[in-house]
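Engineer: Handing over structure22.csv, CSV, C-alpha atoms.
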chain,number,residue,atom,x,y,z
A,1,MET,CA,110.4,80.9,110.9
A,2,SER,CA,113.2,80.1,113.3
A,3,ALA,CA,112.5,80.3,117.1
A,4,ASP,CA,114.3,83.2,118.9
A,5,THR,CA,116.4,82.6,122.0
A,6,THR,CA,117.9,86.1,121.8
A,7,THR,CA,117.2,88.4,124.8
A,8,THR,CA,117.0,92.2,124.6
A,9,THR,CA,118.0,94.5,127.5
A,10,PRO,CA,115.6,97.4,128.3
A,11,PRO,CA,115.7,100.0,125.6
A,12,GLN,CA,118.1,102.8,126.2
A,13,THR,CA,119.5,105.8,124.4
A,14,PRO,CA,123.2,105.9,123.7
A,15,ALA,CA,125.1,108.5,125.6
A,16,GLY,CA,124.9,111.9,123.9
A,17,ALA,CA,122.4,110.7,121.3
A,18,PRO,CA,118.8,112.0,121.9
A,19,ALA,CA,116.0,109.6,121.1
A,20,SER,CA,114.2,110.4,117.8
A,21,ASN,CA,110.5,111.4,118.0
A,22,GLY,CA,110.3,110.7,121.7
A,23,HIS,CA,111.2,107.0,121.3
A,24,THR,CA,114.3,105.4,123.0
A,25,ALA,CA,116.8,103.5,121.0
A,26,PRO,CA,117.1,99.7,121.5
A,27,GLY,CA,119.7,98.3,123.9
A,28,PRO,CA,122.2,95.6,123.1
A,29,ARG,CA,120.9,92.1,122.3
A,30,VAL,CA,122.5,89.1,123.9
A,31,ARG,CA,122.5,85.9,121.9
A,32,SER,CA,122.6,82.3,123.1
A,33,THR,CA,122.1,80.7,119.6
A,34,PHE,CA,122.2,81.6,116.0
A,35,HIS,CA,119.2,81.1,113.8
A,36,SER,CA,121.0,80.3,110.6
A,37,ILE,CA,122.6,77.1,112.1
A,38,LEU,CA,119.6,75.7,113.9
A,39,GLU,CA,118.2,72.5,112.5
A,40,GLY,CA,116.6,73.1,109.2
A,41,GLY,CA,118.5,76.4,108.6
A,42,LEU,CA,116.6,79.2,106.9
A,43,ASP,CA,113.0,78.9,105.7
A,44,TRP,CA,113.6,79.4,102.0
A,45,GLN,CA,109.9,79.1,101.2
A,46,ALA,CA,108.8,81.8,103.6
A,47,LEU,CA,107.5,84.8,101.7
A,48,PRO,CA,110.2,87.2,103.1
A,49,MET,CA,112.9,84.9,101.9
A,50,ARG,CA,111.4,84.6,98.4
A,51,LEU,CA,111.2,88.4,98.2
A,52,PHE,CA,114.8,88.7,99.5
A,53,VAL,CA,116.0,86.3,96.7
A,54,GLN,CA,114.0,88.1,94.1
A,55,GLY,CA,115.5,91.4,95.2
A,56,ASN,CA,119.1,90.1,94.9
A,57,GLN,CA,118.3,88.8,91.4
A,58,LYS,CA,116.9,92.2,90.3
A,59,PHE,CA,119.6,94.4,91.8
A,60,TRP,CA,120.2,97.6,89.9
A,61,ASP,CA,122.6,100.5,90.2
A,62,PRO,CA,121.3,104.1,90.1
A,63,SER,CA,124.7,105.5,89.0
A,64,ALA,CA,124.5,103.4,85.8
A,65,ILE,CA,121.4,105.2,84.5
A,66,ASP,CA,122.2,107.6,81.7
A,67,MET,CA,120.5,110.9,82.5
A,68,SER,CA,122.3,113.1,80.0
A,69,GLN,CA,119.2,113.3,77.7
A,70,ASP,CA,117.0,114.3,80.7
A,71,ALA,CA,119.3,117.3,81.2
A,72,GLU,CA,118.7,118.4,77.6
A,73,HIS,CA,115.0,117.7,77.8
A,74,TRP,CA,114.7,119.8,81.0
A,75,GLN,CA,115.6,122.9,79.0
A,76,LEU,CA,112.7,122.3,76.7
A,77,LEU,CA,110.1,122.8,79.4
A,78,ASP,CA,108.5,126.0,80.4
A,79,GLN,CA,108.7,127.2,84.0
A,80,GLY,CA,105.3,125.8,85.0
A,81,GLN,CA,106.2,122.4,83.7
A,82,LYS,CA,109.5,122.4,85.5
A,83,GLU,CA,107.8,123.4,88.8
A,84,GLY,CA,105.2,120.6,88.4
A,85,ILE,CA,107.7,117.9,87.6
A,86,ALA,CA,110.2,119.0,90.2
A,87,GLY,CA,107.4,119.2,92.8
A,88,LEU,CA,106.4,115.6,92.2
A,89,ALA,CA,110.0,114.4,92.2
A,90,VAL,CA,110.6,116.3,95.5
A,91,GLN,CA,107.8,114.4,97.2
A,92,PHE,CA,109.3,111.1,96.1
A,93,LEU,CA,112.8,112.1,97.2
A,94,ILE,CA,111.8,113.2,100.7
A,95,GLY,CA,109.6,110.1,101.0
A,96,GLU,CA,112.5,107.8,100.0
A,97,GLU,CA,114.8,109.5,102.5
A,98,ALA,CA,112.3,109.3,105.3
A,99,VAL,CA,111.6,105.6,104.9
A,100,THR,CA,115.3,104.8,104.6
A,101,GLU,CA,115.5,105.9,108.3
A,102,ASP,CA,112.0,104.9,109.4
A,103,ILE,CA,112.2,101.3,108.4
A,104,GLN,CA,115.0,100.6,110.8
A,105,PRO,CA,112.7,100.2,113.9
A,106,PHE,CA,110.8,97.4,112.0
A,107,MET,CA,114.1,95.5,111.6
A,108,HIS,CA,114.4,95.7,115.4
A,109,ALA,CA,110.8,94.5,115.8
A,110,MET,CA,111.5,91.5,113.7
A,111,ALA,CA,114.7,90.7,115.5
A,112,VAL,CA,112.9,90.8,118.9
A,113,GLU,CA,110.2,88.5,117.5
A,114,GLY,CA,112.8,86.1,116.3
A,115,ARG,CA,112.0,86.4,112.6
A,116,LEU,CA,115.4,86.3,110.9
A,117,GLU,CA,114.0,85.8,107.4
A,118,ASP,CA,111.9,89.0,107.8
A,119,GLU,CA,114.8,90.9,109.3
A,120,MET,CA,117.0,89.8,106.4
A,121,TYR,CA,114.4,91.1,103.9
A,122,LEU,CA,114.1,94.4,105.7
A,123,THR,CA,117.9,95.0,105.4
A,124,GLN,CA,117.4,94.7,101.6
A,125,PHE,CA,114.3,96.9,101.9
A,126,ALA,CA,116.3,99.7,103.6
A,127,LEU,CA,119.1,99.4,101.0
A,128,GLU,CA,116.6,99.7,98.1
A,129,GLU,CA,115.0,102.8,99.7
A,130,ALA,CA,118.5,104.3,100.0
A,131,LYS,CA,119.1,103.6,96.3
A,132,HIS,CA,115.8,105.4,95.5
A,133,VAL,CA,117.2,108.4,97.3
A,134,GLU,CA,120.3,108.2,95.2
A,135,ALA,CA,118.4,107.8,92.0
A,136,PHE,CA,116.1,110.9,92.5
A,137,ARG,CA,119.0,113.0,93.8
A,138,ARG,CA,121.2,112.1,90.8
A,139,TRP,CA,118.3,113.1,88.5
A,140,PHE,CA,118.0,116.5,90.1
A,141,ASP,CA,121.7,117.0,89.9
A,142,ALA,CA,121.7,115.9,86.2
A,143,VAL,CA,119.1,118.4,85.2
A,144,GLY,CA,120.8,121.2,87.2
A,145,VAL,CA,118.4,121.7,90.0
A,146,THR,CA,120.7,122.0,93.0
A,147,LYS,CA,119.1,124.8,95.0
A,148,ASP,CA,117.3,124.3,98.4
A,149,LEU,CA,113.9,122.8,97.5
A,150,HIS,CA,112.2,123.1,100.9
A,151,TYR,CA,110.0,125.8,99.5
A,152,MET,CA,108.2,123.1,97.5
A,153,LEU,CA,107.0,121.5,100.7
A,154,GLU,CA,105.0,124.6,101.8
A,155,ASP,CA,101.7,123.2,100.6
A,156,ALA,CA,102.2,120.3,103.0
A,157,ALA,CA,102.0,122.7,105.9
A,158,GLN,CA,98.3,123.3,105.3
A,159,ASP,CA,95.6,121.8,107.6
A,160,GLY,CA,98.0,121.9,110.6
A,161,GLU,CA,100.6,119.5,109.0
A,162,PRO,CA,104.3,120.3,109.4
A,163,VAL,CA,106.5,120.9,106.4
A,164,GLY,CA,106.9,117.5,104.8
A,165,GLY,CA,103.5,116.3,105.9
A,166,ILE,CA,103.2,112.7,106.8
A,167,PHE,CA,107.0,112.2,106.4
A,168,ALA,CA,107.7,114.7,109.2
A,169,LYS,CA,105.3,113.3,111.8
A,170,LEU,CA,102.8,110.6,111.1
A,171,GLN,CA,105.1,108.1,109.5
A,172,PRO,CA,108.1,108.5,111.9
A,173,GLU,CA,105.8,108.3,114.9
A,174,ALA,CA,104.1,105.1,113.7
A,175,MET,CA,107.4,103.4,112.8
A,176,GLY,CA,109.4,104.8,115.7
A,177,ARG,CA,107.0,103.2,118.2
A,178,LEU,CA,108.5,99.8,117.2
A,179,TRP,CA,111.7,100.6,119.1
A,180,THR,CA,109.8,100.1,122.3
A,181,ASP,CA,106.6,98.3,121.4
A,182,GLN,CA,106.7,95.3,119.0
A,183,SER,CA,103.1,94.2,119.7
A,184,PRO,CA,100.9,93.1,116.7
A,185,GLU,CA,98.9,96.4,117.2
A,186,ALA,CA,102.1,98.5,116.9
A,187,GLN,CA,103.3,96.5,113.8
A,188,ILE,CA,99.9,96.9,112.2
A,189,ARG,CA,99.9,100.6,112.8
A,190,ALA,CA,103.3,101.0,111.2
A,191,ASN,CA,102.4,98.7,108.3
A,192,VAL,CA,99.1,100.6,107.6
A,193,VAL,CA,100.7,104.1,107.8
A,194,TYR,CA,103.7,103.2,105.6
A,195,ASN,CA,103.0,100.2,103.5
A,196,GLN,CA,99.2,100.5,103.0
A,197,PHE,CA,98.8,104.3,103.0
A,198,VAL,CA,102.1,105.9,102.0
A,199,GLU,CA,103.3,103.2,99.7
A,200,GLY,CA,100.1,101.4,98.6
A,201,THR,CA,98.0,104.5,98.2
A,202,LEU,CA,99.9,107.8,97.9
A,203,ALA,CA,103.0,106.5,96.2
A,204,LEU,CA,101.0,104.4,93.7
A,205,THR,CA,99.0,107.5,92.9
A,206,GLY,CA,102.3,109.3,92.4
A,207,TYR,CA,103.5,106.6,90.0
A,208,TRP,CA,100.2,106.8,88.2
A,209,ALA,CA,100.9,110.5,87.8
A,210,TRP,CA,104.4,109.9,86.5
A,211,ALA,CA,103.0,107.6,83.9
A,212,LYS,CA,100.5,110.3,82.8
A,213,ILE,CA,103.1,113.1,82.8
A,214,LEU,CA,105.7,111.1,80.9
A,215,ASP,CA,103.2,110.0,78.3
A,216,SER,CA,102.2,113.6,77.8
A,217,LEU,CA,105.8,114.5,77.1
A,218,GLY,CA,106.3,111.9,74.4
A,219,GLY,CA,109.8,110.4,74.4
A,220,LEU,CA,111.3,112.9,76.8
A,221,PHE,CA,113.2,112.0,80.0
A,222,PRO,CA,114.3,108.4,79.3
A,223,GLY,CA,116.4,108.5,82.5
A,224,MET,CA,113.4,109.2,84.7
A,225,ARG,CA,111.4,106.5,82.9
A,226,GLU,CA,114.2,104.0,83.8
A,227,ILE,CA,114.3,105.2,87.4
A,228,ILE,CA,110.5,104.7,87.8
A,229,ARG,CA,110.6,101.3,86.2
A,230,TYR,CA,113.4,100.1,88.5
A,231,ILE,CA,111.9,101.6,91.6
A,232,SER,CA,108.5,100.0,90.8
A,233,THR,CA,109.9,96.5,90.9
A,234,ASP,CA,111.3,97.2,94.4
A,235,GLU,CA,108.1,98.8,95.7
A,236,ARG,CA,106.0,95.9,94.5
A,237,ARG,CA,108.0,93.7,96.8
A,238,HIS,CA,107.9,96.2,99.7
A,239,LEU,CA,104.1,96.4,99.5
A,240,ALA,CA,103.8,92.6,99.3
A,241,TRP,CA,105.8,92.3,102.6
A,242,GLY,CA,103.9,95.0,104.4
A,243,THR,CA,100.6,93.4,103.4
A,244,TYR,CA,101.8,89.9,104.4
A,245,ASN,CA,103.0,91.1,107.8
A,246,ILE,CA,99.5,92.4,108.6
A,247,ARG,CA,97.8,89.4,107.1
A,248,ARG,CA,99.8,87.0,109.4
A,249,HIS,CA,98.6,88.9,112.5
A,250,VAL,CA,95.0,88.9,111.2
A,251,ALA,CA,95.1,85.2,110.5
A,252,ALA,CA,96.5,84.5,114.0
A,253,ASP,CA,94.0,86.7,115.8
A,254,ASP,CA,90.8,87.9,114.2
A,255,ARG,CA,90.7,90.9,116.5
A,256,MET,CA,93.6,92.3,114.6
A,257,TRP,CA,91.3,92.9,111.6
A,258,GLU,CA,89.4,95.5,113.6
A,259,VAL,CA,92.7,97.1,114.6
A,260,THR,CA,93.7,97.2,110.9
A,261,LYS,CA,90.4,98.5,109.8
A,262,ALA,CA,90.4,101.3,112.4
A,263,ASN,CA,93.9,102.4,111.1
A,264,LEU,CA,92.8,102.2,107.5
A,265,ASP,CA,89.7,104.3,108.3
A,266,GLU,CA,91.9,106.9,110.0
A,267,MET,CA,94.1,107.1,106.9
A,268,PHE,CA,91.0,107.6,104.7
A,269,GLU,CA,89.9,110.5,106.9
A,270,HIS,CA,93.4,111.9,106.8
A,271,MET,CA,93.3,111.7,103.0
A,272,LYS,CA,89.9,113.5,102.9
A,273,ARG,CA,91.0,116.3,105.1
A,274,ARG,CA,94.0,116.8,103.0
A,275,ARG,CA,91.9,117.0,99.9
A,276,GLU,CA,89.6,119.5,101.5
A,277,ALA,CA,92.5,121.7,102.5
A,278,LEU,CA,93.8,121.7,98.9
A,279,GLN,CA,90.4,122.4,97.5
A,280,ALA,CA,90.1,125.4,99.8
A,281,ASP,CA,93.1,127.0,98.2
A,282,THR,CA,91.5,129.1,95.4
A,283,SER,CA,94.5,131.3,94.8
A,284,PRO,CA,95.5,132.0,91.1
A,285,GLU,CA,98.7,130.0,91.6
A,286,ALA,CA,96.7,127.0,92.9
A,287,GLU,CA,94.2,127.2,90.0
A,288,ALA,CA,97.1,127.4,87.5
A,289,ARG,CA,98.6,124.2,89.0
A,290,ARG,CA,95.3,122.4,88.8
A,291,GLU,CA,94.8,123.4,85.2
A,292,ARG,CA,98.3,122.2,84.3
A,293,SER,CA,97.7,118.9,86.0
A,294,ARG,CA,94.4,118.5,84.2
A,295,ALA,CA,96.1,119.1,80.9
A,296,MET,CA,98.4,116.1,81.6
A,297,GLY,CA,95.6,113.9,82.8
A,298,THR,CA,96.5,114.2,86.5
A,299,GLY,CA,93.9,116.7,87.6
A,300,PRO,CA,92.7,116.6,91.2
A,301,GLU,CA,89.4,114.9,90.3
A,302,ALA,CA,91.2,112.0,88.5
A,303,SER,CA,93.9,111.8,91.1
A,304,TRP,CA,91.4,111.5,93.9
A,305,GLU,CA,89.4,108.8,92.1
A,306,TYR,CA,92.6,106.7,91.6
A,307,GLN,CA,93.8,107.4,95.2
A,308,VAL,CA,90.5,106.2,96.7
A,309,SER,CA,90.6,103.0,94.5
A,310,ARG,CA,94.1,102.2,95.8
A,311,LEU,CA,93.1,102.6,99.5
A,312,LYS,CA,89.9,100.5,99.0
A,313,ARG,CA,92.0,97.7,97.6
A,314,ARG,CA,94.1,97.6,100.8
A,315,TYR,CA,91.0,96.7,102.8
A,316,GLY,CA,90.3,93.7,100.6
A,317,ALA,CA,93.9,92.5,100.4
A,318,ILE,CA,94.0,92.3,104.2
A,319,GLU,CA,90.5,91.2,105.2
A,320,SER,CA,90.9,88.1,103.0
A,321,ALA,CA,93.3,86.8,105.7
A,322,ARG,CA,90.5,86.4,108.2
A,323,GLY,CA,90.1,82.7,109.1
A,324,ALA,CA,93.1,81.7,107.0
A,325,ALA,CA,95.7,79.3,108.4
A,326,THR,CA,98.9,81.0,109.4
A,327,GLU,CA,100.9,78.5,107.4
A,328,GLN,CA,99.0,79.6,104.3
A,329,ILE,CA,99.9,83.2,105.0
A,330,GLU,CA,103.6,82.4,105.8
A,331,HIS,CA,104.2,80.3,102.7
A,332,GLY,CA,101.4,81.3,100.3
A,333,LEU,CA,102.0,82.8,96.9
A,334,GLU,CA,99.1,85.2,96.6
A,335,GLU,CA,100.7,88.3,98.0
A,336,GLU,CA,104.0,87.8,96.1
A,337,GLU,CA,102.2,87.1,92.8
A,338,THR,CA,99.2,89.4,92.7
A,339,ASP,CA,100.0,92.4,94.9
A,340,GLU,CA,100.1,95.1,93.6
A,341,GLU,CA,98.7,95.3,90.1
A,342,GLY,CA,99.4,99.0,90.0
A,343,TYR,CA,103.1,98.4,90.5
A,344,ALA,CA,103.0,95.4,88.2
A,345,ALA,CA,101.7,97.6,85.4
A,346,LEU,CA,104.7,99.9,85.7
A,347,THR,CA,107.3,97.1,85.4
Once more with this new file: its structure as structure tokens, please.

Structural biologist:
Amino acid sequence: MSADTTTTTPPQTPAGAPASNGHTAPGPRVRSTFHSILEGGLDWQALPMRLFVQGNQKFWDPSAIDMSQDAEHWQLLDQGQKEGIAGLAVQFLIGEEAVTEDIQPFMHAMAVEGRLEDEMYLTQFALEEAKHVEAFRRWFDAVGVTKDLHYMLEDAAQDGEPVGGIFAKLQPEAMGRLWTDQSPEAQIRANVVYNQFVEGTLALTGYWAWAKILDSLGGLFPGMREIIRYISTDERRHLAWGTYNIRRHVAADDRMWEVTKANLDEMFEHMKRRREALQADTSPEAEARRERSRAMGTGPEASWEYQVSRLKRRYGAIESARGAATEQIEHGLEEEETDEEGYAALT
């Protein structure tokens, strides 16, 4: 990576613009050199640059996806099926919207650290998340669901969580801290909450559910199938970068493994509390939802088993960096090529 000679003034909030989630916005950055014209230029073999090049090669346009058949197929569903599919799509849509905003502090953190290659990749990361918002929103519009859908988030308010759950508080707090704290500990916290938990555990479970649901519907919804296929190629790169960024810190300082493990353990406890809260809902409506999901192969039992398997994988993917040379992490192929088999199976 290129060395940084850029300085950053103390963080400040622009006049008239309140800081989000209690974090102040970054101040202007004063440059004395430019990374791209230093001797050697960009590090093309660095994992972030390889991911960046791959993303450019695999660019896709949400507006080019034909969703006309999905609109016809939507009318074939009963109300329960519509509610179930719309509910899953809503969780993805708000998640994509949230990370489009929440990834921005990570760009700042990489800029402060002088990692231009990572910063370049994260600009693509943000663009892809915005495209995911577009894709899911276009799908809702195509099938004629244009009403306010916040009522579908009510379940997320259980167990003391605000509406929108982790996307309303846990994720923006972890990511927003990077505006003012770019330490390895803060980066690991953000990577664990978003890349390892939201993306590498919850979202992967969601894609697993999409596969089950779409299989149960035969050849219906070709537009949504194409959306999921494209998004999966993007998310595989996103997860690879998030895992890589933690691994480089663990390789550089073995104490960072304990920091990572503590955060992963916290996410596991969060996941268990959420499950217990859902299990406690024994209303007829909740039981009906569970039965519908079981009929499609996505019942709470199967979903929990898959979810736990994904989170456990995150431990192993990161712990393997202990004792590794930082050069191996920065330029190794393992994360790009093997992480994440769950996403790879969808592409």

Engineer: What gap, in Å, lies between atom CA of Arg247 of chain A and atom CA of Phe197 of chain A?

Structural biologist: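 The value is 15.5 Å.
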
Engineer: Could you check which of A:Trp257, A:Ala186, A:Glu266, A:Leu214 is closest to Gly316 of chain A, using only C-alpha atoms?

Structural biologist: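 Among the listed residues, A:Trp257 lies closest to Gly316 of chain A.
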
Engineer: For atom CA of Ala86 of chain A and atom CA of Met296 of chain A, determine how far apart the two atoms are, in Å to one decimal place.

Structural biologist: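 Distance reported for this atom pair: 14.9 Å.
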
Engineer: Show which residues sit within 10 Å of Gly297 of chain A, as a compact mmCIF listing (two decimals) with C-alpha atoms, in the coordinates of the input. Count only C-alpha atoms, and ignore same-chain residues fewer than 3 positions away.

Structural biologist:
# COMPACT_ATOMS: atom_id res chain seq x y z
CA ALA A 209 100.90 110.50 87.80
CA ALA A 211 103.00 107.60 83.90
CA LYS A 212 100.50 110.30 82.80
CA ILE A 213 103.10 113.10 82.80
CA ASP A 215 103.20 110.00 78.30
CA SER A 216 102.20 113.60 77.80
CA GLU A 291 94.80 123.40 85.20
CA ARG A 292 98.30 122.20 84.30
CA SER A 293 97.70 118.90 86.00
CA ARG A 294 94.40 118.50 84.20
CA PRO A 300 92.70 116.60 91.20
CA GLU A 301 89.40 114.90 90.30
CA ALA A 302 91.20 112.00 88.50
CA SER A 303 93.90 111.80 91.10

Engineer: Quick one: pull the distance between atom CA of Ala317 of chain A and atom CA of Tyr244 of chain A, Å, one decimal.

Structural biologist: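 About the pair atom CA of Ala317 of chain A and atom CA of Tyr244 of chain A: they are 9.2 Å apart.
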
Engineer: What's the 12 Å shell around Gly95 of chain A, counting all atoms listed in the file, without same-chain residues fewer than 6 positions away, as a ChimeraX atom specification?

Structural biologist: /A:88-89,101-103,129-130,132-133,136,153,164-168,171-172,194,198-199,202-203,206

Engineer: Can I get the selected residues back with C-alpha atoms, as an mmCIF file, in the coordinates of the input?

Structural biologist:
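Once everything was written out, this is out_35.cif:
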data_model
loop_
_atom_site.group_PDB
_atom_site.id
_atom_site.type_symbol
_atom_site.label_atom_id
_atom_site.label_comp_id
_atom_site.auth_asym_id
_atom_site.auth_seq_id
_atom_site.Cartn_x
_atom_site.Cartn_y
_atom_site.Cartn_z
ATOM 1 C CA LEU A 88 106.400 115.600 92.200
ATOM 2 C CA ALA A 89 110.000 114.400 92.200
ATOM 3 C CA GLU A 101 115.500 105.900 108.300
ATOM 4 C CA ASP A 102 112.000 104.900 109.400
ATOM 5 C CA ILE A 103 112.200 101.300 108.400
ATOM 6 C CA GLU A 129 115.000 102.800 99.700
ATOM 7 C CA ALA A 130 118.500 104.300 100.000
ATOM 8 C CA HIS A 132 115.800 105.400 95.500
ATOM 9 C CA VAL A 133 117.200 108.400 97.300
ATOM 10 C CA PHE A 136 116.100 110.900 92.500
ATOM 11 C CA LEU A 153 107.000 121.500 100.700
ATOM 12 C CA GLY A 164 106.900 117.500 104.800
ATOM 13 C CA GLY A 165 103.500 116.300 105.900
ATOM 14 C CA ILE A 166 103.200 112.700 106.800
ATOM 15 C CA PHE A 167 107.000 112.200 106.400
ATOM 16 C CA ALA A 168 107.700 114.700 109.200
ATOM 17 C CA GLN A 171 105.100 108.100 109.500
ATOM 18 C CA PRO A 172 108.100 108.500 111.900
ATOM 19 C CA TYR A 194 103.700 103.200 105.600
ATOM 20 C CA VAL A 198 102.100 105.900 102.000
ATOM 21 C CA GLU A 199 103.300 103.200 99.700
ATOM 22 C CA LEU A 202 99.900 107.800 97.900
ATOM 23 C CA ALA A 203 103.000 106.500 96.200
ATOM 24 C CA GLY A 206 102.300 109.300 92.400
#

Engineer: Could you give me, as a list in words, the residues that have an atom at most 10 Å away from the point (90.8, 92.8, 103.3) in the coordinates of the file, using only C-alpha atoms?

Structural biologist: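 Residues found, by chain and rising number: Thr243, Arg247, Val250, Trp257, Thr260, Lys261, Lys312, Arg313, Arg314, Tyr315, Gly316, Ala317, Ile318, Glu319, Ser320, Ala321 and Arg322 of chain A.
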
Engineer: For Asp141 of chain A, which residue among A:Trp74, A:Tyr121, A:Phe268, A:Phe59 is the nearest when counting only C-alpha atoms?

Structural biologist: A:Trp74

Engineer: So that I can see what lies close to Ile227 of chain A, please list as number ranges by chain the residues with an atom at most 8 Å from it, counting only C-alpha atoms and leaving out residues fewer than 5 positions away in the same chain.

Structural biologist: A: 62, 65, 135-136

Engineer: Tell me which protein, DNA and RNA residues are within 6 Å of segment 178-184 of chain A, counting only C-alpha atoms, leaving out same-chain ones fewer than 2 positions away, and put them as a list in words.

Structural biologist: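 Final neighbour list, sorted by chain and number: Pro26, Pro105, Ala109, Met175, Gly176, Ala186, Gln187 and Ile188 of chain A.
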
Engineer: When you count all atoms listed in the file, which of these residues is closest to Leu38 of chain A: A:Leu116, A:Ala98, A:Arg289, A:Gln57?

Structural biologist: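 Among the listed residues, A:Leu116 lies closest to Leu38 of chain A.
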
Engineer: Excluding Lys131 of chain A and its own-chain neighbours fewer than 6 positions away, which residues fall within 9 Å of it when counting all atoms listed in the file? Please give them as a list of chain:residue names.

Structural biologist: A:Trp60, A:Asp61, A:Pro62, A:Glu96, A:Ile231

Engineer: Could you tell me which of A:Glu327, A:Asp66, A:Asp234, A:Glu305 comes closest to Lys272 of chain A if we count only C-alpha atoms?

Structural biologist: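 Closest candidate: A:Glu305.
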
Engineer: Kindly indicate which residue among A:His35, A:His270, A:Arg236, A:His73 lies nearest to Val143 of chain A, using all atoms listed in the file for the distances.

Structural biologist: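 Smallest distance to Val143 of chain A is found for A:His73.
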